[in-house]
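**Q** One structure follows; several queries about it will come next.
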Amino acid sequence: MLLSSRFVWMWWMPFVAFWLSLSGALLGWVPDAVPSLLFVFNLVYVGFWSETRQKLFAEMVSLRKEFDKYGVLLGKIREADFRSSILKSAKDRLFNDSGSADKAFKRVSRILSNIELRGNFIMYLVLEGLFLSDIMMIRMLLLWKRRYMSCVGGWADSIADIDAFVSLGNYAFSHAHNAYPVVSADDSIAIEAGEVYHPFLSREKAVTNDIVLKKGEMFIVTGANMAGKSTLLRTVGVNLVMANAGLPVCASRFSFSLMRLFSNMRTTDDLNRNISYFNAELIRLEQLIRYCKANTYTFIILDEILRGTNSADKLHGSRLFLEYVMNYNVAGIVATHDLELSKLETENSPYRNYCFEIEMAENVIYSYKMSRGVARNMNATYLLNKILGEIR
C-alpha cells in the first residue's frame, strides 16, 4: 500500500484540503478556524504513521555517514581514467543504465538531509502541518529502497575492489625496490626466496635470510627466545600472501608454487565459550587437518605446537601430529623450543632442521640469521640470572 497510488492520495487529499482552506480563509470564503483545525488534523494524521516512520528513518539515518562516504568515493571514481580492464569493469558496474551509483547515493543523502531538519521542533510543526512531509519522505525512501537497495551490495563490492587495487598499486609504487614474485617453473619447489625479510622492517635495517623449501618438506626451526623464529614464520607467511596477491615482495628474488596457506600462531583461550588455551590449540590443529584434506596443496606455518601442556606430553603429541600431517600434500615451517623434536630429521625424511643461534657474552648477541642445524644456546636462564643479579 505504501508504494501504491492509494498512498499518494492519502497524502494528497489532506494536503490539498489544508491549502484550499487556507486560501479560502485569506479570501474570506471560509472561517479562519478551518485551516487551523486542518493544520492540527495534519499533525495528528502524520502521528498515525509514527511506527512506520521511526523504523524506516532509524534504519536509513544510521546509514547516512556510510552513504555520504560512498558519495565522495564515487565522485573520485567517476573522474578517474582507468586503463586496467579489471578497474574499468568495476567502474562500469557502478555507472550504467540500470542505475548510477553516485546519483542514487546523492538522492538518498538529500532525502536524509531533509529528514534531519525535523530535529528542530518549529521546523517539524511547519513541515508536518503544512506539507505532511513525513508521509512523503516515507514514500520517497521506500521508492529508493525498491529501486536501488538490491544494487547497494554490488556497488559496495565494486568500490571495495577498486579501493583494494588502488591500495595494492600504492604499495607497489612506494616499494619499487622490492622484487616481483614468479610462479616457480620447478614444480617441486614450494618457496625459494633470497634475502627475504618482514615488510614491517625497513629494508636498510632488516636482517635477511635465504630460504629454499621443497614440497613435501617441513622445516623444524629451533632457537632461543627473541632469536627470530616467530619473525621468520611471519616473514614467510606475509610474503607468500603478498606474492599470491601479485604484489612485489620483500626479497631480492621470490619464486613459489601456487598453494593454500594455513597458519597457527597466537592461539588464544576464550573464557566466554569455556575454551582453554590447550582446547583452542586442539581445535585449530583439527581445522588444519581438515583444511589439508580439502585442498590440493597446503603450506602450513606452526608456532610452538601444543604449548599448553607439559614437556613430555608436548613432545609426543607434536611428533604424532607432524608425522600424521606429512601424509598429506603439504610443506611448511614449524618453530619450537623443544630440541628433542629436531630428532625427526633422519635420512630421507621430510624434516629439515634449521636454527637461530645466539652468542652468549656479557650481553646476548642475536644474529637473526637462520642456519642449518639445531640451536645449542638458550637464553632464558641466563637473562633471568642477570635480572636477579641486578635486583640484588
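In the C-alpha cells, each chain is lettered A, B, ... as it comes, each chain's residues begin at 1, and ligands are numbered from 1 in order of appearance.
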Find the residues near region 155-165 of chain A: any atom within 8 Å, counting only C-alpha atoms, skip ones fewer than 2 places away on the same chain, and give them as a VMD selection string.

**A** chain A and resid 73 to 74 87 90 to 91 93 to 94 101 151 to 153 167 to 169

**Q** Keeping all heavy atoms for every residue in the selection just given, could you write it to a file as a compact mmCIF listing (two decimals), in the first residue's frame?

**A**
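Saved result, part.txt, follows:
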```
# COMPACT_ATOMS: atom_id res chain seq x y z
N LEU A 73 33.60 8.92 -2.58
CA LEU A 73 34.42 7.96 -3.33
C LEU A 73 33.93 7.82 -4.77
O LEU A 73 34.74 7.76 -5.71
CB LEU A 73 34.38 6.60 -2.65
CG LEU A 73 35.15 6.46 -1.34
CD1 LEU A 73 34.88 5.10 -0.70
CD2 LEU A 73 36.64 6.60 -1.58
N LEU A 74 32.62 7.78 -4.95
CA LEU A 74 32.06 7.61 -6.29
C LEU A 74 32.39 8.80 -7.19
O LEU A 74 32.61 8.64 -8.39
CB LEU A 74 30.55 7.41 -6.20
CG LEU A 74 30.13 6.04 -5.66
CD1 LEU A 74 28.65 6.05 -5.28
CD2 LEU A 74 30.40 4.95 -6.68
N LEU A 87 39.75 -2.70 -13.46
CA LEU A 87 39.22 -1.47 -12.88
C LEU A 87 38.12 -0.88 -13.75
O LEU A 87 37.13 -0.34 -13.25
CB LEU A 87 40.35 -0.46 -12.68
CG LEU A 87 41.40 -0.83 -11.63
CD1 LEU A 87 42.53 0.18 -11.62
CD2 LEU A 87 40.76 -0.91 -10.25
N ALA A 90 35.00 -2.79 -13.00
CA ALA A 90 34.42 -2.39 -11.71
C ALA A 90 33.73 -1.03 -11.83
O ALA A 90 32.67 -0.81 -11.25
CB ALA A 90 35.52 -2.34 -10.65
N LYS A 91 34.34 -0.12 -12.59
CA LYS A 91 33.74 1.21 -12.77
C LYS A 91 32.44 1.11 -13.56
O LYS A 91 31.45 1.79 -13.23
CB LYS A 91 34.72 2.12 -13.50
CG LYS A 91 34.23 3.55 -13.67
CD LYS A 91 35.28 4.43 -14.31
CE LYS A 91 34.77 5.86 -14.49
NZ LYS A 91 35.80 6.74 -15.11
N ARG A 93 30.37 -1.25 -13.54
CA ARG A 93 29.29 -1.76 -12.67
C ARG A 93 28.69 -0.68 -11.79
O ARG A 93 27.58 -0.84 -11.28
CB ARG A 93 29.84 -2.91 -11.80
CG ARG A 93 30.22 -4.15 -12.58
CD ARG A 93 30.38 -5.36 -11.67
NE ARG A 93 31.45 -5.18 -10.70
CZ ARG A 93 32.71 -5.54 -10.90
NH1 ARG A 93 33.06 -6.08 -12.07
NH2 ARG A 93 33.63 -5.37 -9.97
N LEU A 94 29.42 0.40 -11.61
CA LEU A 94 28.93 1.49 -10.76
C LEU A 94 28.13 2.53 -11.54
O LEU A 94 27.25 3.18 -10.98
CB LEU A 94 30.13 2.19 -10.09
CG LEU A 94 30.91 1.37 -9.06
CD1 LEU A 94 32.18 2.10 -8.67
CD2 LEU A 94 30.06 1.10 -7.84
N ALA A 101 25.35 4.72 -9.47
CA ALA A 101 25.53 4.66 -8.03
C ALA A 101 25.65 6.04 -7.40
O ALA A 101 25.05 6.30 -6.35
CB ALA A 101 26.77 3.82 -7.70
N CYS A 151 20.93 -3.11 -5.39
CA CYS A 151 22.20 -2.81 -6.08
C CYS A 151 23.30 -2.40 -5.11
O CYS A 151 24.48 -2.42 -5.47
CB CYS A 151 21.99 -1.67 -7.08
SG CYS A 151 20.75 -1.99 -8.35
N VAL A 152 22.92 -2.01 -3.88
CA VAL A 152 23.90 -1.44 -2.95
C VAL A 152 25.02 -2.42 -2.64
O VAL A 152 26.20 -2.05 -2.61
CB VAL A 152 23.21 -0.98 -1.65
CG1 VAL A 152 24.24 -0.62 -0.58
CG2 VAL A 152 22.32 0.23 -1.94
N GLY A 153 24.69 -3.69 -2.42
CA GLY A 153 25.72 -4.68 -2.13
C GLY A 153 26.74 -4.80 -3.25
O GLY A 153 27.95 -4.84 -3.01
N SER A 167 45.06 0.46 -3.31
CA SER A 167 45.99 0.25 -2.20
C SER A 167 47.18 -0.61 -2.63
O SER A 167 48.33 -0.31 -2.29
CB SER A 167 45.27 -0.42 -1.02
OG SER A 167 44.24 0.41 -0.53
N LEU A 168 46.90 -1.67 -3.39
CA LEU A 168 47.98 -2.52 -3.88
C LEU A 168 48.90 -1.75 -4.81
O LEU A 168 50.12 -1.89 -4.76
CB LEU A 168 47.39 -3.74 -4.60
CG LEU A 168 46.56 -4.71 -3.75
CD1 LEU A 168 46.02 -5.83 -4.62
CD2 LEU A 168 47.38 -5.28 -2.61
N GLY A 169 48.30 -0.91 -5.67
CA GLY A 169 49.10 -0.10 -6.57
C GLY A 169 49.96 0.90 -5.83
O GLY A 169 51.13 1.12 -6.20
```

**Q** List the neighbours of region 177-179 of chain A out to 12 Å using only C-alpha atoms; skip same-chain residues closer than 3 positions along the sequence, and give me the result as number ranges by chain.

**A** A: 171-174, 182, 193-199, 202-204, 239, 242-243, 246-255

**Q** Could you take the residues named above and write them with N, CA and C atoms, as a short mmCIF file (atom, residue, chain, number, x, y, z; two decimals), in the first residue's frame?

**A**
```cif
data_model
loop_
_atom_site.label_atom_id
_atom_site.label_comp_id
_atom_site.auth_asym_id
_atom_site.auth_seq_id
_atom_site.Cartn_x
_atom_site.Cartn_y
_atom_site.Cartn_z
N TYR A 171 51.12 0.54 -2.82
CA TYR A 171 52.21 -0.20 -2.18
C TYR A 171 53.31 -0.52 -3.19
N ALA A 172 52.91 -1.00 -4.35
CA ALA A 172 53.90 -1.35 -5.37
C ALA A 172 54.69 -0.12 -5.81
N PHE A 173 54.02 1.01 -5.94
CA PHE A 173 54.69 2.25 -6.36
C PHE A 173 55.67 2.73 -5.29
N SER A 174 55.27 2.58 -4.02
CA SER A 174 56.10 3.07 -2.92
C SER A 174 57.25 2.13 -2.59
N VAL A 182 57.54 -14.74 -8.83
CA VAL A 182 57.22 -15.53 -10.01
C VAL A 182 56.77 -16.91 -9.56
N ALA A 193 63.36 -18.23 -1.87
CA ALA A 193 63.46 -16.78 -1.67
C ALA A 193 64.88 -16.39 -1.32
N GLY A 194 65.31 -15.26 -1.82
CA GLY A 194 66.62 -14.74 -1.49
C GLY A 194 66.51 -13.41 -0.77
N GLU A 195 67.23 -13.27 0.32
CA GLU A 195 67.26 -12.02 1.11
C GLU A 195 65.85 -11.56 1.48
N VAL A 196 65.07 -12.49 1.99
CA VAL A 196 63.70 -12.18 2.36
C VAL A 196 63.66 -11.57 3.77
N TYR A 197 62.74 -10.63 3.98
CA TYR A 197 62.59 -10.00 5.29
C TYR A 197 61.15 -9.58 5.49
N HIS A 198 60.82 -9.23 6.73
CA HIS A 198 59.44 -8.87 7.08
C HIS A 198 59.10 -7.48 6.56
N PRO A 199 57.90 -7.29 5.98
CA PRO A 199 57.51 -5.98 5.44
C PRO A 199 57.47 -4.86 6.46
N SER A 202 62.35 -2.00 8.04
CA SER A 202 62.92 -1.20 6.95
C SER A 202 63.96 -2.02 6.21
N ARG A 203 64.06 -1.78 4.94
CA ARG A 203 64.98 -2.55 4.10
C ARG A 203 66.43 -2.36 4.55
N GLU A 204 66.73 -1.18 5.07
CA GLU A 204 68.10 -0.88 5.46
C GLU A 204 68.50 -1.61 6.74
N ASN A 239 54.87 -12.66 3.12
CA ASN A 239 55.38 -12.54 1.76
C ASN A 239 54.70 -13.51 0.81
N MET A 242 51.42 -11.86 -0.02
CA MET A 242 51.68 -10.78 -0.96
C MET A 242 51.97 -11.31 -2.36
N ALA A 243 52.72 -12.40 -2.43
CA ALA A 243 53.04 -12.99 -3.72
C ALA A 243 51.79 -13.47 -4.44
N GLY A 246 49.93 -10.80 -6.09
CA GLY A 246 50.60 -10.14 -7.20
C GLY A 246 51.43 -8.93 -6.81
N LEU A 247 51.68 -8.77 -5.51
CA LEU A 247 52.46 -7.63 -5.03
C LEU A 247 53.95 -7.91 -5.10
N PRO A 248 54.78 -6.89 -5.23
CA PRO A 248 56.22 -7.09 -5.04
C PRO A 248 56.49 -7.47 -3.59
N VAL A 249 57.40 -8.38 -3.38
CA VAL A 249 57.66 -8.91 -2.04
C VAL A 249 58.97 -8.37 -1.50
N CYS A 250 59.15 -8.54 -0.20
CA CYS A 250 60.35 -8.03 0.47
C CYS A 250 61.46 -9.07 0.35
N ALA A 251 62.06 -9.13 -0.80
CA ALA A 251 63.12 -10.09 -1.09
C ALA A 251 63.82 -9.65 -2.37
N SER A 252 65.02 -10.16 -2.57
CA SER A 252 65.72 -9.88 -3.82
C SER A 252 65.21 -10.78 -4.94
N ARG A 253 64.69 -11.95 -4.57
CA ARG A 253 64.04 -12.85 -5.53
C ARG A 253 63.06 -13.72 -4.76
N PHE A 254 62.00 -14.16 -5.42
CA PHE A 254 60.98 -14.94 -4.73
C PHE A 254 60.20 -15.74 -5.77
N SER A 255 60.35 -17.05 -5.73
CA SER A 255 59.55 -17.92 -6.58
C SER A 255 58.79 -18.90 -5.69
#
```

**Q** With DSSP run on the backbone, what are the alpha helix (DSSP H) residues within region 99-302 of chain A? I'd like them as number ranges by chain.

**A** A: 101-116, 121-131, 133-174, 229-244, 277-294

**Q** Find the residues around region 53-70 of chain A up to 7 Å (only C-alpha atoms counted), leave out those fewer than 4 positions away in its own chain, and share them as a PDB file with C-alpha atoms, in the first residue's frame.

**A**
```pdb
ATOM      1  CA  TRP A  49       2.454   6.824  10.732  1.00  0.00           C
ATOM      2  CA  LEU A  74      32.065   7.612  -6.289  1.00  0.00           C
ATOM      3  CA  PHE A 105      23.596   7.973  -3.148  1.00  0.00           C
ATOM      4  CA  SER A 109      21.537  11.844   1.019  1.00  0.00           C
ATOM      5  CA  LEU A 112      18.070  12.088   4.710  1.00  0.00           C
ATOM      6  CA  ILE A 138       8.415   7.610   3.826  1.00  0.00           C
TER       7      ILE A 138
END
```

**Q** May I ask which of the residues A:Val330, A:Leu130, A:Leu142, A:Ala190 is the closest one to Thr296 (chain A), counting only C-alpha atoms?

**A**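 Smallest separation from Thr296 (chain A) among the options: A:Val330.
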
**Q** Find the residues near Leu288 (chain A): any atom within 10 Å, counting only C-alpha atoms, skip ones fewer than 6 places away on the same chain, and give them as a list in words.

**A**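 The residues satisfying every condition are Leu261, Phe262, Ser263, Asn264, Leu282, Ala294, Thr298, Ile300 and Val325 of chain A.
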
**Q** Using only all heavy atoms, please write the residues we just selected to a file, as an mmCIF file, in the first residue's frame.

**A**
```cif
data_model
loop_
_atom_site.group_PDB
_atom_site.id
_atom_site.type_symbol
_atom_site.label_atom_id
_atom_site.label_comp_id
_atom_site.auth_asym_id
_atom_site.auth_seq_id
_atom_site.Cartn_x
_atom_site.Cartn_y
_atom_site.Cartn_z
ATOM 1 N N LEU A 261 47.404 -21.523 2.105
ATOM 2 C CA LEU A 261 48.192 -21.215 3.307
ATOM 3 C C LEU A 261 47.328 -21.413 4.543
ATOM 4 O O LEU A 261 46.193 -20.940 4.608
ATOM 5 C CB LEU A 261 48.696 -19.776 3.252
ATOM 6 C CG LEU A 261 49.404 -19.236 4.506
ATOM 7 C CD1 LEU A 261 50.696 -20.002 4.750
ATOM 8 C CD2 LEU A 261 49.680 -17.749 4.370
ATOM 9 N N PHE A 262 47.890 -22.112 5.543
ATOM 10 C CA PHE A 262 47.210 -22.283 6.826
ATOM 11 C C PHE A 262 48.231 -22.039 7.926
ATOM 12 O O PHE A 262 49.300 -22.652 7.940
ATOM 13 C CB PHE A 262 46.632 -23.695 6.967
ATOM 14 C CG PHE A 262 45.658 -23.843 8.103
ATOM 15 C CD1 PHE A 262 44.299 -23.901 7.866
ATOM 16 C CD2 PHE A 262 46.096 -23.920 9.419
ATOM 17 C CE1 PHE A 262 43.392 -24.031 8.907
ATOM 18 C CE2 PHE A 262 45.205 -24.046 10.465
ATOM 19 C CZ PHE A 262 43.849 -24.096 10.212
ATOM 20 N N SER A 263 47.913 -21.134 8.842
ATOM 21 C CA SER A 263 48.848 -20.818 9.927
ATOM 22 C C SER A 263 48.200 -21.047 11.279
ATOM 23 O O SER A 263 46.974 -20.941 11.432
ATOM 24 C CB SER A 263 49.328 -19.360 9.824
ATOM 25 O OG SER A 263 48.267 -18.471 10.095
ATOM 26 N N ASN A 264 49.033 -21.348 12.263
ATOM 27 C CA ASN A 264 48.568 -21.492 13.639
ATOM 28 C C ASN A 264 49.531 -20.708 14.534
ATOM 29 O O ASN A 264 50.523 -21.226 15.017
ATOM 30 C CB ASN A 264 48.537 -22.962 14.046
ATOM 31 C CG ASN A 264 48.001 -23.156 15.455
ATOM 32 O OD1 ASN A 264 47.260 -22.319 15.966
ATOM 33 N ND2 ASN A 264 48.394 -24.242 16.101
ATOM 34 N N LEU A 282 43.946 -27.453 20.143
ATOM 35 C CA LEU A 282 43.467 -28.687 19.524
ATOM 36 C C LEU A 282 42.444 -28.399 18.425
ATOM 37 O O LEU A 282 42.458 -29.043 17.369
ATOM 38 C CB LEU A 282 42.851 -29.607 20.582
ATOM 39 C CG LEU A 282 43.818 -30.228 21.596
ATOM 40 C CD1 LEU A 282 43.040 -31.047 22.622
ATOM 41 C CD2 LEU A 282 44.861 -31.096 20.900
ATOM 42 N N ALA A 294 41.003 -31.056 2.380
ATOM 43 C CA ALA A 294 40.083 -30.457 1.414
ATOM 44 C C ALA A 294 40.780 -29.745 0.261
ATOM 45 O O ALA A 294 40.143 -29.419 -0.735
ATOM 46 C CB ALA A 294 39.154 -29.467 2.135
ATOM 47 N N THR A 298 48.894 -27.557 0.519
ATOM 48 C CA THR A 298 48.802 -26.581 1.603
ATOM 49 C C THR A 298 50.188 -26.286 2.166
ATOM 50 O O THR A 298 50.968 -27.200 2.427
ATOM 51 C CB THR A 298 47.902 -27.110 2.744
ATOM 52 O OG1 THR A 298 46.643 -27.507 2.207
ATOM 53 C CG2 THR A 298 47.686 -26.028 3.790
ATOM 54 N N ILE A 300 51.861 -24.892 5.461
ATOM 55 C CA ILE A 300 51.437 -24.694 6.844
ATOM 56 C C ILE A 300 52.544 -24.023 7.656
ATOM 57 O O ILE A 300 53.731 -24.277 7.446
ATOM 58 C CB ILE A 300 51.000 -26.021 7.505
ATOM 59 C CG1 ILE A 300 52.139 -27.036 7.523
ATOM 60 C CG2 ILE A 300 49.802 -26.596 6.793
ATOM 61 C CD1 ILE A 300 51.769 -28.346 8.185
ATOM 62 N N VAL A 325 50.450 -35.232 9.682
ATOM 63 C CA VAL A 325 50.125 -34.212 8.684
ATOM 64 C C VAL A 325 50.979 -34.353 7.431
ATOM 65 O O VAL A 325 50.571 -33.970 6.334
ATOM 66 C CB VAL A 325 50.274 -32.795 9.290
ATOM 67 C CG1 VAL A 325 51.739 -32.358 9.354
ATOM 68 C CG2 VAL A 325 49.467 -31.774 8.486
#
```

**Q** Between CA of Lys229 (chain A) and CA of Asn209 (chain A), what is the spacing in Å?

**A** 11.8 Å

**Q** For a quick check of understanding, using only C-alpha atoms, which of A:Asn295, A:Ile115, A:Ala25, A:Pro14 has the smallest distance to Val40 (chain A)?

**A**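 Selected residue with least distance to Val40 (chain A): A:Pro14.
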
**Q** Could you give me, as a list in words, the residues within 12 Å of Ser311 (chain A), counting only C-alpha atoms and dropping anything in the same chain fewer than 2 positions from it?

**A**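 Contacts, in chain order: Glu304, Ile305, Leu306, Arg307, Gly308, Thr309, Asp313, Lys314, Leu315, His316, Gly317, Ser318, Thr336, His337, Asp338, Leu339, Glu340 and Leu341 of chain A.
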
**Q** Skip Tyr328 (chain A) itself and residues of its chain fewer than 4 positions away, then list as JSON, numbers by chain all residues within 12 Å of it, counting only C-alpha atoms.

**A** {"A": [215, 216, 217, 218, 288, 289, 290, 291, 292, 293, 294, 295, 296, 297, 298, 299, 300, 321, 322, 323, 324, 332, 350]}

**Q** I need the residues in region 160-309 of chain A that are strand (DSSP E) according to DSSP; give them as a PyMOL selection string.

**A** chain A and resi 182-183+189-196+209-214+218-223+253-256+260-264+298-303

**Q** Using N, CA and C atoms, can you export the residues from the last selection as a compact mmCIF listing (two decimals), in the first residue's frame?

**A**
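Result file result26.txt:
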```txt
# COMPACT_ATOMS: atom_id res chain seq x y z
N VAL A 182 57.54 -14.74 -8.83
CA VAL A 182 57.22 -15.53 -10.01
C VAL A 182 56.77 -16.91 -9.56
N VAL A 183 55.87 -17.50 -10.33
CA VAL A 183 55.47 -18.88 -10.06
C VAL A 183 56.58 -19.79 -10.55
N ILE A 189 59.39 -27.16 -6.06
CA ILE A 189 59.70 -26.06 -5.15
C ILE A 189 58.43 -25.49 -4.54
N ALA A 190 58.41 -25.39 -3.21
CA ALA A 190 57.31 -24.70 -2.52
C ALA A 190 57.61 -23.21 -2.47
N ILE A 191 58.76 -22.85 -1.89
CA ILE A 191 59.21 -21.46 -1.82
C ILE A 191 60.72 -21.41 -2.00
N GLU A 192 61.17 -20.51 -2.84
CA GLU A 192 62.61 -20.25 -2.98
C GLU A 192 62.78 -18.73 -2.96
N ALA A 193 63.36 -18.23 -1.87
CA ALA A 193 63.46 -16.78 -1.67
C ALA A 193 64.88 -16.39 -1.32
N GLY A 194 65.31 -15.26 -1.82
CA GLY A 194 66.62 -14.74 -1.49
C GLY A 194 66.51 -13.41 -0.77
N GLU A 195 67.23 -13.27 0.32
CA GLU A 195 67.26 -12.02 1.11
C GLU A 195 65.85 -11.56 1.48
N VAL A 196 65.07 -12.49 1.99
CA VAL A 196 63.70 -12.18 2.36
C VAL A 196 63.66 -11.57 3.77
N ASN A 209 67.24 -13.34 5.14
CA ASN A 209 67.56 -14.77 5.12
C ASN A 209 67.20 -15.36 3.76
N ASP A 210 67.88 -16.42 3.40
CA ASP A 210 67.57 -17.17 2.18
C ASP A 210 66.82 -18.43 2.56
N ILE A 211 65.83 -18.78 1.77
CA ILE A 211 65.01 -19.96 2.06
C ILE A 211 64.79 -20.76 0.78
N VAL A 212 65.06 -22.04 0.84
CA VAL A 212 64.70 -22.96 -0.23
C VAL A 212 63.95 -24.12 0.42
N LEU A 213 62.66 -24.17 0.21
CA LEU A 213 61.82 -25.18 0.84
C LEU A 213 61.06 -25.91 -0.25
N LYS A 214 61.26 -27.22 -0.33
CA LYS A 214 60.61 -28.02 -1.36
C LYS A 214 59.28 -28.57 -0.88
N MET A 218 59.31 -30.23 5.67
CA MET A 218 58.91 -29.46 6.84
C MET A 218 60.17 -28.98 7.55
N PHE A 219 60.33 -27.67 7.66
CA PHE A 219 61.44 -27.10 8.41
C PHE A 219 61.09 -27.09 9.89
N ILE A 220 61.98 -27.63 10.72
CA ILE A 220 61.84 -27.53 12.18
C ILE A 220 62.86 -26.50 12.64
N VAL A 221 62.38 -25.34 13.11
CA VAL A 221 63.25 -24.22 13.43
C VAL A 221 63.35 -24.08 14.95
N THR A 222 64.57 -24.20 15.46
CA THR A 222 64.81 -24.04 16.90
C THR A 222 65.62 -22.77 17.14
N GLY A 223 65.65 -22.33 18.39
CA GLY A 223 66.41 -21.14 18.74
C GLY A 223 65.95 -20.57 20.06
N ARG A 253 64.69 -11.95 -4.57
CA ARG A 253 64.04 -12.85 -5.53
C ARG A 253 63.06 -13.72 -4.76
N PHE A 254 62.00 -14.16 -5.42
CA PHE A 254 60.98 -14.94 -4.73
C PHE A 254 60.20 -15.74 -5.77
N SER A 255 60.35 -17.05 -5.73
CA SER A 255 59.55 -17.92 -6.58
C SER A 255 58.79 -18.90 -5.69
N PHE A 256 57.62 -19.29 -6.13
CA PHE A 256 56.76 -20.13 -5.29
C PHE A 256 55.81 -20.93 -6.15
N ARG A 260 47.66 -23.30 -1.01
CA ARG A 260 46.87 -22.71 0.07
C ARG A 260 47.77 -22.49 1.28
N LEU A 261 47.40 -21.52 2.11
CA LEU A 261 48.19 -21.21 3.31
C LEU A 261 47.33 -21.41 4.54
N PHE A 262 47.89 -22.11 5.54
CA PHE A 262 47.21 -22.28 6.83
C PHE A 262 48.23 -22.04 7.93
N SER A 263 47.91 -21.13 8.84
CA SER A 263 48.85 -20.82 9.93
C SER A 263 48.20 -21.05 11.28
N ASN A 264 49.03 -21.35 12.26
CA ASN A 264 48.57 -21.49 13.64
C ASN A 264 49.53 -20.71 14.53
N THR A 298 48.89 -27.56 0.52
CA THR A 298 48.80 -26.58 1.60
C THR A 298 50.19 -26.29 2.17
N PHE A 299 50.45 -25.00 2.36
CA PHE A 299 51.66 -24.57 3.06
C PHE A 299 51.25 -24.22 4.48
N ILE A 300 51.86 -24.89 5.46
CA ILE A 300 51.44 -24.69 6.84
C ILE A 300 52.54 -24.02 7.66
N ILE A 301 52.13 -23.16 8.56
CA ILE A 301 53.04 -22.44 9.44
C ILE A 301 52.58 -22.65 10.87
N LEU A 302 53.43 -23.25 11.69
CA LEU A 302 53.07 -23.60 13.07
C LEU A 302 54.08 -23.00 14.03
N ASP A 303 53.58 -22.35 15.06
CA ASP A 303 54.45 -21.74 16.07
C ASP A 303 54.24 -22.46 17.41
```

**Q** Please measure the separation of CA of Arg376 (chain A) and CA of Leu344 (chain A), giving the value in Å to one decimal.

**A**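 A separation of 16.9 Å between them.
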